[in-house]
>>> print(open('query_22.pdb').read())   # PDB, C-alpha atoms
MODEL        1
ATOM      1  CA  MET A  10     -67.364 -46.896  78.524
ATOM      2  CA  THR A  11     -64.934 -44.099  77.869
ATOM      3  CA  GLY A  12     -65.715 -40.439  78.310
ATOM      4  CA  ARG A  13     -65.036 -37.710  75.802
ATOM      5  CA  VAL A  14     -61.748 -35.853  76.312
ATOM      6  CA  GLU A  15     -61.979 -32.147  75.569
ATOM      7  CA  ASP A  16     -58.806 -30.113  75.158
ATOM      8  CA  ARG A  17     -59.003 -27.184  77.584
ATOM      9  CA  ARG A  18     -55.287 -26.590  77.979
ATOM     10  CA  GLU A  19     -55.405 -23.029  76.697
ATOM     11  CA  GLU A  20     -58.332 -21.773  78.722
ATOM     12  CA  TRP A  21     -57.887 -23.688  82.006
ATOM     13  CA  GLU A  22     -56.706 -21.445  84.841
ATOM     14  CA  GLY A  23     -57.392 -23.814  87.714
ATOM     15  CA  PRO A  24     -54.921 -26.083  89.462
ATOM     16  CA  VAL A  25     -53.111 -28.608  87.275
ATOM     17  CA  PRO A  26     -52.673 -32.127  88.656
ATOM     18  CA  VAL A  27     -49.127 -33.446  88.875
ATOM     19  CA  PRO A  28     -49.136 -37.247  88.574
ATOM     20  CA  THR A  29     -46.958 -38.882  91.225
ATOM     21  CA  GLY A  30     -46.746 -42.366  92.704
ATOM     22  CA  ALA A  31     -50.122 -44.037  92.973
ATOM     23  CA  THR A  32     -51.847 -41.353  90.900
ATOM     24  CA  VAL A  33     -49.768 -41.982  87.736
ATOM     25  CA  PRO A  34     -52.016 -44.764  86.330
ATOM     26  CA  PHE A  35     -55.113 -42.741  87.238
ATOM     27  CA  TRP A  36     -54.037 -39.636  85.309
ATOM     28  CA  ALA A  37     -52.751 -41.727  82.398
ATOM     29  CA  GLY A  38     -56.262 -43.179  82.149
ATOM     30  CA  THR A  39     -57.870 -39.765  82.068
ATOM     31  CA  LEU A  40     -55.970 -38.831  78.893
ATOM     32  CA  GLU A  41     -57.613 -41.829  77.244
ATOM     33  CA  GLY A  42     -61.033 -40.927  78.573
ATOM     34  CA  GLU A  43     -60.979 -43.702  81.132
ATOM     35  CA  LEU A  44     -61.893 -43.196  84.782
ATOM     36  CA  ARG A  45     -59.931 -45.658  86.901
ATOM     37  CA  TYR A  46     -60.497 -46.757  90.470
ATOM     38  CA  GLN A  47     -58.551 -49.214  92.600
ATOM     39  CA  GLU A  48     -59.882 -52.640  93.482
ATOM     40  CA  CYS A  49     -57.876 -54.529  96.061
ATOM     41  CA  GLU A  50     -57.654 -58.315  96.237
ATOM     42  CA  CYS A  51     -59.570 -58.026  99.515
ATOM     43  CA  GLY A  52     -62.511 -56.691  97.488
ATOM     44  CA  HIS A  53     -62.311 -53.080  98.656
ATOM     45  CA  ARG A  54     -62.726 -50.419  95.980
ATOM     46  CA  GLN A  55     -61.361 -46.906  96.390
ATOM     47  CA  LEU A  56     -60.922 -43.600  94.636
ATOM     48  CA  TYR A  57     -58.931 -41.219  94.804
ATOM     49  CA  PRO A  58     -55.868 -43.408  94.153
ATOM     50  CA  ARG A  59     -53.638 -44.314  97.068
ATOM     51  CA  ALA A  60     -50.497 -46.354  97.611
ATOM     52  CA  VAL A  61     -52.303 -48.683 100.007
ATOM     53  CA  CYS A  62     -55.722 -50.222 100.328
ATOM     54  CA  THR A  63     -57.623 -48.257 102.994
ATOM     55  CA  ALA A  64     -59.409 -51.426 104.099
ATOM     56  CA  CYS A  65     -56.608 -53.988 104.473
ATOM     57  CA  GLY A  66     -53.375 -52.051 103.997
ATOM     58  CA  ALA A  67     -52.169 -54.024 100.966
ATOM     59  CA  GLU A  68     -49.765 -52.043  98.811
ATOM     60  CA  ASP A  69     -50.508 -50.842  95.295
ATOM     61  CA  PRO A  70     -54.054 -52.090  94.833
ATOM     62  CA  PRO A  71     -54.570 -52.609  91.070
ATOM     63  CA  PHE A  72     -56.616 -50.265  88.879
ATOM     64  CA  GLU A  73     -59.862 -51.117  87.123
ATOM     65  CA  ALA A  74     -61.778 -49.097  84.558
ATOM     66  CA  SER A  75     -64.998 -47.525  85.789
ATOM     67  CA  GLU A  76     -68.066 -47.332  83.574
ATOM     68  CA  GLY A  77     -67.926 -43.615  84.310
ATOM     69  CA  VAL A  78     -71.516 -43.383  85.436
ATOM     70  CA  GLY A  79     -73.072 -42.750  88.801
ATOM     71  CA  THR A  80     -75.522 -40.686  90.793
ATOM     72  CA  ILE A  81     -75.258 -37.456  92.753
ATOM     73  CA  TYR A  82     -74.856 -38.171  96.487
ATOM     74  CA  THR A  83     -74.807 -34.455  97.230
ATOM     75  CA  TYR A  84     -73.689 -31.213  95.619
ATOM     76  CA  THR A  85     -73.123 -27.549  96.364
ATOM     77  CA  VAL A  86     -73.101 -24.391  94.267
ATOM     78  CA  CYS A  87     -69.959 -22.325  94.818
ATOM     79  CA  HIS A  88     -70.398 -18.577  94.508
ATOM     80  CA  VAL A  89     -67.016 -17.806  96.066
ATOM     81  CA  PRO A  90     -64.147 -19.554  94.288
ATOM     82  CA  GLY A  91     -62.181 -22.036  96.388
ATOM     83  CA  GLU A  92     -59.168 -21.586  94.101
ATOM     84  CA  PRO A  93     -58.060 -18.375  92.333
ATOM     85  CA  GLY A  94     -58.272 -20.078  88.935
ATOM     86  CA  PHE A  95     -61.949 -20.836  89.511
ATOM     87  CA  GLY A  96     -62.857 -17.157  89.781
ATOM     88  CA  ASP A  97     -64.221 -16.882  86.250
ATOM     89  CA  ARG A  98     -66.276 -20.021  86.692
ATOM     90  CA  VAL A  99     -68.572 -18.919  89.536
ATOM     91  CA  PRO A 100     -71.171 -20.035  90.180
ATOM     92  CA  TYR A 101     -69.856 -23.545  89.677
ATOM     93  CA  VAL A 102     -71.042 -26.848  91.062
ATOM     94  CA  VAL A 103     -69.053 -29.343  93.112
ATOM     95  CA  GLY A 104     -70.618 -32.715  93.713
ATOM     96  CA  ALA A 105     -69.954 -36.002  95.411
ATOM     97  CA  ILE A 106     -70.708 -38.733  92.883
ATOM     98  CA  ASP A 107     -71.453 -42.304  93.860
ATOM     99  CA  LEU A 108     -69.955 -44.304  91.009
ATOM    100  CA  ALA A 109     -71.802 -47.418  89.869
ATOM    101  CA  GLU A 110     -68.807 -49.434  91.095
ATOM    102  CA  GLY A 111     -69.074 -48.005  94.610
ATOM    103  CA  PRO A 112     -66.397 -45.377  95.260
ATOM    104  CA  ARG A 113     -67.521 -41.814  95.866
ATOM    105  CA  LEU A 114     -65.694 -39.111  93.952
ATOM    106  CA  LEU A 115     -65.635 -35.396  94.690
ATOM    107  CA  THR A 116     -65.756 -33.646  91.328
ATOM    108  CA  LEU A 117     -66.877 -30.714  89.256
ATOM    109  CA  LEU A 118     -70.378 -30.949  87.853
ATOM    110  CA  ASP A 119     -70.644 -29.105  84.551
ATOM    111  CA  ALA A 120     -74.323 -28.261  84.622
ATOM    112  CA  ASP A 121     -76.927 -25.671  85.474
ATOM    113  CA  PRO A 122     -77.666 -26.147  89.183
ATOM    114  CA  ASP A 123     -81.378 -26.096  88.342
ATOM    115  CA  ASP A 124     -80.913 -29.317  86.399
ATOM    116  CA  LEU A 125     -79.421 -31.158  89.372
ATOM    117  CA  GLU A 126     -80.908 -33.073  92.255
ATOM    118  CA  ILE A 127     -79.585 -35.578  94.736
ATOM    119  CA  GLY A 128     -79.855 -38.888  92.898
ATOM    120  CA  THR A 129     -79.521 -37.404  89.397
ATOM    121  CA  ALA A 130     -77.767 -39.822  87.012
ATOM    122  CA  VAL A 131     -74.474 -38.422  85.735
ATOM    123  CA  GLY A 132     -71.695 -39.523  83.422
ATOM    124  CA  VAL A 133     -68.037 -38.620  83.166
ATOM    125  CA  THR A 134     -66.352 -36.421  80.621
ATOM    126  CA  PHE A 135     -62.791 -35.143  80.719
ATOM    127  CA  TRP A 136     -61.149 -31.763  80.399
ATOM    128  CA  GLN A 137     -57.534 -32.077  79.386
ATOM    129  CA  VAL A 138     -55.591 -29.407  81.290
ATOM    130  CA  SER A 139     -51.965 -30.472  80.666
ATOM    131  CA  GLU A 140     -49.856 -32.943  78.736
ATOM    132  CA  LYS A 141     -50.237 -35.341  81.656
ATOM    133  CA  ALA A 142     -53.738 -34.981  82.991
ATOM    134  CA  ALA A 143     -57.386 -34.557  82.111
ATOM    135  CA  ILE A 144     -59.790 -33.651  84.900
ATOM    136  CA  PRO A 145     -62.874 -35.830  85.272
ATOM    137  CA  VAL A 146     -65.995 -33.681  85.170
ATOM    138  CA  PHE A 147     -69.513 -35.052  85.423
ATOM    139  CA  VAL A 148     -72.580 -34.028  83.448
ATOM    140  CA  PRO A 149     -76.212 -35.139  83.759
ATOM    141  CA  GLU A 150     -76.917 -38.136  81.545
TER
ATOM    142  CA  MET B  28     -53.192 -28.491 133.734
ATOM    143  CA  LEU B  29     -54.081 -32.112 134.396
ATOM    144  CA  VAL B  30     -52.987 -33.196 137.889
ATOM    145  CA  SER B  31     -53.739 -35.907 140.415
ATOM    146  CA  GLU B  32     -56.457 -35.340 143.016
ATOM    147  CA  GLU B  33     -53.743 -35.032 145.677
ATOM    148  CA  LYS B  34     -51.928 -32.322 143.732
ATOM    149  CA  ALA B  35     -55.160 -30.422 143.124
ATOM    150  CA  ALA B  36     -55.926 -30.475 146.847
ATOM    151  CA  GLU B  37     -52.393 -29.271 147.600
ATOM    152  CA  LEU B  38     -52.732 -26.412 145.126
ATOM    153  CA  GLY B  39     -56.077 -25.402 146.574
ATOM    154  CA  VAL B  40     -57.601 -24.850 143.106
ATOM    155  CA  PRO B  41     -61.141 -25.775 142.082
ATOM    156  CA  GLU B  42     -61.146 -29.454 141.166
ATOM    157  CA  ILE B  43     -62.572 -30.286 137.782
ATOM    158  CA  ALA B  44     -62.703 -34.016 137.063
ATOM    159  CA  VAL B  45     -62.459 -35.654 133.657
ATOM    160  CA  ALA B  46     -65.597 -37.749 134.076
ATOM    161  CA  GLY B  47     -65.840 -39.252 130.609
ATOM    162  CA  VAL B  48     -63.781 -39.348 127.419
ATOM    163  CA  ALA B  49     -64.328 -41.017 124.067
ATOM    164  CA  SER B  50     -62.674 -40.590 120.678
ATOM    165  CA  THR B  51     -63.195 -42.115 117.267
ATOM    166  CA  SER B  52     -62.252 -41.733 113.648
ATOM    167  CA  THR B  53     -64.763 -42.366 110.874
ATOM    168  CA  HIS B  54     -62.764 -41.913 107.698
ATOM    169  CA  ARG B  55     -59.538 -40.607 106.269
ATOM    170  CA  GLN B  56     -58.502 -37.171 105.164
ATOM    171  CA  ASP B  57     -60.960 -36.525 102.394
ATOM    172  CA  ILE B  58     -64.541 -35.362 102.712
ATOM    173  CA  SER B  59     -65.640 -37.709  99.893
ATOM    174  CA  GLU B  60     -64.677 -40.608 102.182
ATOM    175  CA  MET B  61     -67.160 -39.561 104.861
ATOM    176  CA  PRO B  62     -69.574 -42.491 105.082
ATOM    177  CA  ASP B  63     -72.587 -40.259 105.742
ATOM    178  CA  MET B  64     -72.269 -36.487 105.427
ATOM    179  CA  THR B  65     -75.085 -35.917 107.906
ATOM    180  CA  THR B  66     -73.575 -37.986 110.724
ATOM    181  CA  THR B  67     -70.239 -37.496 112.491
ATOM    182  CA  GLY B  68     -68.245 -39.577 114.943
ATOM    183  CA  ALA B  69     -69.997 -37.653 117.728
ATOM    184  CA  ALA B  70     -72.806 -40.183 117.396
ATOM    185  CA  VAL B  71     -70.302 -42.748 118.716
ATOM    186  CA  THR B  72     -68.269 -40.689 121.178
ATOM    187  CA  GLY B  73     -71.212 -38.846 122.764
ATOM    188  CA  PRO B  74     -73.034 -41.882 124.147
ATOM    189  CA  LYS B  75     -69.746 -43.472 125.263
ATOM    190  CA  ALA B  76     -68.521 -40.417 127.143
ATOM    191  CA  PHE B  77     -71.941 -39.754 128.695
ATOM    192  CA  ASP B  78     -72.159 -43.372 129.762
ATOM    193  CA  GLN B  79     -68.678 -43.314 131.274
ATOM    194  CA  ALA B  80     -69.536 -40.148 133.204
ATOM    195  CA  GLY B  81     -72.879 -41.573 134.258
ATOM    196  CA  ILE B  82     -74.802 -38.536 133.031
ATOM    197  CA  THR B  83     -77.816 -37.825 130.849
ATOM    198  CA  HIS B  84     -78.455 -34.780 128.687
ATOM    199  CA  ASP B  85     -80.441 -33.148 131.472
ATOM    200  CA  ASP B  86     -77.325 -33.120 133.649
ATOM    201  CA  VAL B  87     -75.358 -30.991 131.186
ATOM    202  CA  ASP B  88     -75.141 -27.362 132.261
ATOM    203  CA  VAL B  89     -72.975 -26.026 129.449
ATOM    204  CA  ALA B  90     -71.768 -27.338 126.080
ATOM    205  CA  GLU B  91     -68.607 -26.277 124.275
ATOM    206  CA  ILE B  92     -68.809 -27.662 120.766
ATOM    207  CA  TYR B  93     -66.262 -27.244 118.005
ATOM    208  CA  ASP B  94     -67.981 -25.127 115.377
ATOM    209  CA  SER B  95     -65.665 -25.080 112.387
ATOM    210  CA  PHE B  96     -68.798 -24.242 110.394
ATOM    211  CA  THR B  97     -72.426 -23.667 111.371
ATOM    212  CA  TYR B  98     -73.108 -27.121 109.984
ATOM    213  CA  THR B  99     -70.562 -28.654 112.353
ATOM    214  CA  ALA B 100     -72.280 -27.175 115.391
ATOM    215  CA  LEU B 101     -75.723 -28.331 114.316
ATOM    216  CA  VAL B 102     -74.777 -31.854 113.263
ATOM    217  CA  THR B 103     -72.758 -32.317 116.460
ATOM    218  CA  LEU B 104     -75.662 -31.251 118.674
ATOM    219  CA  GLU B 105     -77.788 -33.810 116.850
ATOM    220  CA  ASP B 106     -75.179 -36.564 117.033
ATOM    221  CA  LEU B 107     -74.554 -35.962 120.727
ATOM    222  CA  GLY B 108     -78.280 -36.478 121.200
ATOM    223  CA  PHE B 109     -79.302 -33.022 122.421
ATOM    224  CA  CYS B 110     -81.955 -33.127 119.702
ATOM    225  CA  GLU B 111     -83.173 -35.449 116.961
ATOM    226  CA  LYS B 112     -81.402 -35.784 113.607
ATOM    227  CA  GLY B 113     -82.376 -32.941 111.314
ATOM    228  CA  GLU B 114     -83.639 -30.776 114.154
ATOM    229  CA  GLY B 115     -80.398 -28.977 115.019
ATOM    230  CA  GLY B 116     -81.461 -25.750 113.375
ATOM    231  CA  GLU B 117     -84.724 -25.654 115.228
ATOM    232  CA  PHE B 118     -82.964 -26.575 118.479
ATOM    233  CA  VAL B 119     -80.638 -23.564 118.433
ATOM    234  CA  SER B 120     -83.407 -21.162 117.405
ATOM    235  CA  GLY B 121     -85.178 -19.173 120.076
ATOM    236  CA  GLY B 122     -82.322 -18.873 122.519
ATOM    237  CA  THR B 123     -81.962 -22.475 123.690
ATOM    238  CA  THR B 124     -78.173 -22.238 123.390
ATOM    239  CA  ALA B 125     -77.874 -18.544 124.304
ATOM    240  CA  PRO B 126     -76.717 -17.209 127.689
ATOM    241  CA  GLY B 127     -79.464 -18.049 130.163
ATOM    242  CA  GLY B 128     -80.910 -20.643 127.794
ATOM    243  CA  GLU B 129     -81.600 -24.282 128.480
ATOM    244  CA  LEU B 130     -78.183 -25.300 127.159
ATOM    245  CA  PRO B 131     -75.729 -22.397 126.983
ATOM    246  CA  MET B 132     -73.288 -23.272 124.257
ATOM    247  CA  ASN B 133     -69.942 -21.948 123.052
ATOM    248  CA  THR B 134     -69.861 -19.361 125.781
ATOM    249  CA  GLN B 135     -66.604 -17.847 124.497
ATOM    250  CA  GLY B 136     -68.295 -17.115 121.178
ATOM    251  CA  GLY B 137     -67.282 -20.333 119.456
ATOM    252  CA  GLY B 138     -64.883 -20.750 116.593
ATOM    253  CA  LEU B 139     -67.237 -18.824 114.341
ATOM    254  CA  SER B 140     -67.282 -15.686 116.484
ATOM    255  CA  TYR B 141     -64.241 -15.856 118.759
ATOM    256  CA  CYS B 142     -61.325 -17.410 116.909
ATOM    257  CA  HIS B 143     -60.720 -20.438 114.772
ATOM    258  CA  PRO B 144     -56.995 -20.979 114.448
ATOM    259  CA  GLY B 145     -57.563 -24.481 113.122
ATOM    260  CA  HIS B 146     -56.934 -26.547 116.229
ATOM    261  CA  PHE B 147     -59.869 -25.192 118.165
ATOM    262  CA  GLY B 148     -60.266 -28.325 120.316
ATOM    263  CA  VAL B 149     -58.129 -26.996 123.134
ATOM    264  CA  PHE B 150     -60.315 -23.885 123.329
ATOM    265  CA  VAL B 151     -63.478 -25.891 123.956
ATOM    266  CA  LEU B 152     -61.703 -27.713 126.789
ATOM    267  CA  ILE B 153     -60.365 -24.499 128.319
ATOM    268  CA  GLU B 154     -63.758 -22.817 128.179
ATOM    269  CA  ALA B 155     -65.522 -25.861 129.640
ATOM    270  CA  ALA B 156     -63.054 -25.982 132.550
ATOM    271  CA  ARG B 157     -63.305 -22.241 133.187
ATOM    272  CA  GLN B 158     -67.098 -22.378 133.210
ATOM    273  CA  LEU B 159     -66.971 -25.067 135.889
ATOM    274  CA  ARG B 160     -64.511 -23.017 137.908
ATOM    275  CA  GLY B 161     -66.835 -20.018 137.671
ATOM    276  CA  ASP B 162     -64.098 -17.822 136.252
ATOM    277  CA  TYR B 163     -66.331 -15.256 134.583
ATOM    278  CA  GLU B 164     -68.459 -12.277 135.467
ATOM    279  CA  GLY B 165     -71.751 -11.451 133.795
ATOM    280  CA  ASP B 166     -73.739 -13.263 131.108
ATOM    281  CA  ARG B 167     -70.855 -15.399 129.931
ATOM    282  CA  GLN B 168     -70.811 -17.362 133.181
ATOM    283  CA  VAL B 169     -73.325 -20.191 133.420
ATOM    284  CA  ALA B 170     -74.610 -20.006 136.985
ATOM    285  CA  ASP B 171     -73.554 -22.937 139.182
ATOM    286  CA  ALA B 172     -72.312 -25.004 136.263
ATOM    287  CA  GLU B 173     -71.386 -28.475 137.477
ATOM    288  CA  VAL B 174     -71.256 -30.560 134.320
ATOM    289  CA  ALA B 175     -69.780 -29.429 131.012
ATOM    290  CA  VAL B 176     -69.469 -31.232 127.713
ATOM    291  CA  ALA B 177     -66.601 -30.346 125.386
ATOM    292  CA  HIS B 178     -66.571 -31.787 121.898
ATOM    293  CA  GLY B 179     -63.836 -31.533 119.302
ATOM    294  CA  THR B 180     -64.008 -32.414 115.629
ATOM    295  CA  GLY B 181     -60.837 -32.799 113.601
ATOM    296  CA  GLY B 182     -59.459 -33.911 110.293
ATOM    297  CA  LEU B 183     -62.081 -33.350 107.627
ATOM    298  CA  LEU B 184     -65.008 -34.046 109.966
ATOM    299  CA  SER B 185     -63.278 -37.394 110.420
ATOM    300  CA  SER B 186     -62.088 -37.387 114.032
ATOM    301  CA  SER B 187     -64.312 -36.803 117.024
ATOM    302  CA  SER B 188     -63.710 -36.533 120.753
ATOM    303  CA  THR B 189     -66.178 -35.925 123.542
ATOM    304  CA  VAL B 190     -65.048 -34.974 127.042
ATOM    305  CA  VAL B 191     -67.358 -34.681 130.029
ATOM    306  CA  LEU B 192     -66.013 -32.486 132.816
ATOM    307  CA  ARG B 193     -67.494 -32.311 136.301
ATOM    308  CA  ARG B 194     -66.842 -29.876 139.119
ATOM    309  CA  GLU B 195     -65.785 -31.753 142.238
ATOM    310  CA  SER B 196     -65.155 -28.921 144.697
TER
ENDMDL
END
>>> encode(input="query_22.pdb", output="structure tokens")
Amino acid sequence: MTGRVEDRREEWEGPVPVPTGATVPFWAGTLEGELRYQECECGHRQLYPRAVCTACGAEDPPFEASEGVGTIYTYTVCHVPGEPGFGDRVPYVVGAIDLAEGPRLLTLLDADPDDLEIGTAVGVTFWQVSEKAAIPVFVPE
Amino acid sequence: MLVSEEKAAELGVPEIAVAGVASTSTHRQDISEMPDMTTTGAAVTGPKAFDQAGITHDDVDVAEIYDSFTYTALVTLEDLGFCEKGEGGEFVSGGTTAPGGELPMNTQGGGLSYCHPGHFGVFVLIEAARQLRGDYEGDRQVADAEVAVAHGTGGLLSSSSTVVLRRES
């Protein structure tokens, strides 16, 4: 499954990711609406992307495409912005999403907090914020 | 200052022994990696340090617990076994951890009320040692404190250390 990529370059005032090293394939995927995680030969799956497998230490674990669906492990409603560029967005929701493939991703949840519960099924969508990156954002399915 | 028993005797200062120490790391530097957001490494280090010191919870006269957030204080009390999981809030209500309470805690005010420069761990150790030396006047001093527990939490709730201190002289 690929998520929709919405162009938010003009309105986005939050931090802009700068792809480097192990994150380059991840951000390249986001521009295509694909959420990628790493799956090491040892079987360990991880996200965010890192230069080594956090289980066995192998270098450059390869990327796989996630289905982009998961459930809310937990979430919080932010009334005080953690970043200056988020000021206009309050209250906004940050959640930890358990992807169907296993890794847990900390992400924005674009939803009314009243519509969310722990365990709610969510799917990924992307907000393109630069030429090089689109931010994965989750919405209730 | 950590010195040998001989040096402490020579200096003529109150002797505070490091009776138990345990440290662990549960995940790396990202909160999304925390295996269970309601359990910290204190659940591992608490029992180990208590066991090494040969103490039970009833022996603890004062607790100095890293409180980077209110949540940190509550979850650590639970993980160290001072109360059941999920009962931290109830435990600290009603003065249990206040001066004169059953378990005076964070007697310097804690990171939330005193100072939280980031690396607060050394402050919990200093306060625990000073309580056992009886350095203070008034309510801050826990009367006849013999056993203190200091607990530090670092990283992004990913590193935990428990130290049991005991007054020897």
>>> resolve_selection(input="query_22.pdb", expression="the PyMOL selection byres ((chain B) within 9 of (chain A))", output="number ranges by chain")
B: 55, 58-60, 64
>>> closest_residue(input="query_22.pdb", among="A:Glu20, A:Glu68, A:Glu140, A:Glu73", to="Arg98 of chain A", atoms="all atoms listed in the file")
A:Glu20
>>> residues_around(input="query_22.pdb", residues="Glu19 of chain A", least_positions_apart="3", cutoff="9 Å", atoms="only C-alpha atoms", output="PyMOL selection string")
chain A and resi 16+22+138
>>> residues_around(input="query_22.pdb", residues="segment 81-85 of chain B", least_positions_apart="3", cutoff="7 Å", atoms="all atoms listed in the file", output="list of chain:residue names")
B:Phe77, B:Asp78, B:Phe109
>>> closest_residue(input="query_22.pdb", among="B:Ala177, B:Ala35, B:Ala100, B:Asp162", to="Thr189 of chain B", atoms="all atoms listed in the file")
B:Ala177
>>> resolve_selection(input="query_22.pdb", expression="the PyMOL selection byres ((chain B and resi 169) around 10)", output="PDB file with C-alpha atoms, in the frame of the given file")
ATOM      1  CA  ASP B  88     -75.141 -27.362 132.261  1.00  0.00           C
ATOM      2  CA  VAL B  89     -72.975 -26.026 129.449  1.00  0.00           C
ATOM      3  CA  PRO B 126     -76.717 -17.209 127.689  1.00  0.00           C
ATOM      4  CA  GLY B 127     -79.464 -18.049 130.163  1.00  0.00           C
ATOM      5  CA  GLY B 128     -80.910 -20.643 127.794  1.00  0.00           C
ATOM      6  CA  LEU B 130     -78.183 -25.300 127.159  1.00  0.00           C
ATOM      7  CA  PRO B 131     -75.729 -22.397 126.983  1.00  0.00           C
ATOM      8  CA  MET B 132     -73.288 -23.272 124.257  1.00  0.00           C
ATOM      9  CA  THR B 134     -69.861 -19.361 125.781  1.00  0.00           C
ATOM     10  CA  GLN B 158     -67.098 -22.378 133.210  1.00  0.00           C
ATOM     11  CA  LEU B 159     -66.971 -25.067 135.889  1.00  0.00           C
ATOM     12  CA  GLY B 161     -66.835 -20.018 137.671  1.00  0.00           C
ATOM     13  CA  ASP B 162     -64.098 -17.822 136.252  1.00  0.00           C
ATOM     14  CA  TYR B 163     -66.331 -15.256 134.583  1.00  0.00           C
ATOM     15  CA  GLU B 164     -68.459 -12.277 135.467  1.00  0.00           C
ATOM     16  CA  GLY B 165     -71.751 -11.451 133.795  1.00  0.00           C
ATOM     17  CA  ASP B 166     -73.739 -13.263 131.108  1.00  0.00           C
ATOM     18  CA  ARG B 167     -70.855 -15.399 129.931  1.00  0.00           C
ATOM     19  CA  GLN B 168     -70.811 -17.362 133.181  1.00  0.00           C
ATOM     20  CA  ALA B 170     -74.610 -20.006 136.985  1.00  0.00           C
ATOM     21  CA  ASP B 171     -73.554 -22.937 139.182  1.00  0.00           C
ATOM     22  CA  ALA B 172     -72.312 -25.004 136.263  1.00  0.00           C
ATOM     23  CA  GLU B 173     -71.386 -28.475 137.477  1.00  0.00           C
TER      24      GLU B 173
END
>>> resolve_selection(input="query_22.pdb", expression="the PyMOL selection byres ((chain A and resi 99) around 9)", output="list in words")
Val86, Cys87, His88, Val89, Pro90, Phe95, Gly96, Asp97, Arg98, Pro100, Tyr101 and Val102 of chain A
>>> closest_residue(input="query_22.pdb", among="A:Val14, A:Gly52, A:Gly111, A:Leu118", to="Pro62 of chain B", atoms="only C-alpha atoms")
A:Gly111
>>> closest_residue(input="query_22.pdb", among="A:Phe35, A:Trp21, A:Tyr84, A:Phe72", to="Glu50 of chain A", atoms="only C-alpha atoms")
A:Phe72
>>> closest_residue(input="query_22.pdb", among="B:Gly122, B:Pro74, B:Gly113, B:Gly137", to="Thr97 of chain B", atoms="only C-alpha atoms")
B:Gly137
>>> atom_distance(input="query_22.pdb", atom1="atom CA of Gly38 of chain A", atom2="atom CA of Ala60 of chain A")
16.8 Å
>>> residues_near_point(input="query_22.pdb", point="(-66.4, -24.8, 119.3)", cutoff="8 Å", atoms="only C-alpha atoms", output="list in words")
Glu91, Ile92, Tyr93, Asp94, Ser95, Ala100, Asn133, Gly137, Gly138, Leu139, Phe147, Gly148, Phe150, Val151, His178 and Gly179 of chain B
>>> closest_residue(input="query_22.pdb", among="B:Ser31, B:Thr67, B:Thr99, B:Thr124", to="Thr51 of chain B", atoms="all atoms listed in the file")
B:Thr67
>>> atom_distance(input="query_22.pdb", atom1="atom CA of Leu101 of chain B", atom2="atom CA of Gly136 of chain B")
15.1 Å
>>> atom_distance(input="query_22.pdb", atom1="atom CA of Trp136 of chain A", atom2="atom CA of Tyr46 of chain A")
18.1 Å
>>> residues_near_point(input="query_22.pdb", point="(-78.2, -36.6, 120.6)", cutoff="9 Å", atoms="all atoms listed in the file", output="list in words")
Ala69, Ala70, Gly73, Pro74, His84, Thr103, Leu104, Glu105, Asp106, Leu107, Gly108, Phe109, Cys110, Glu111 and Lys112 of chain B
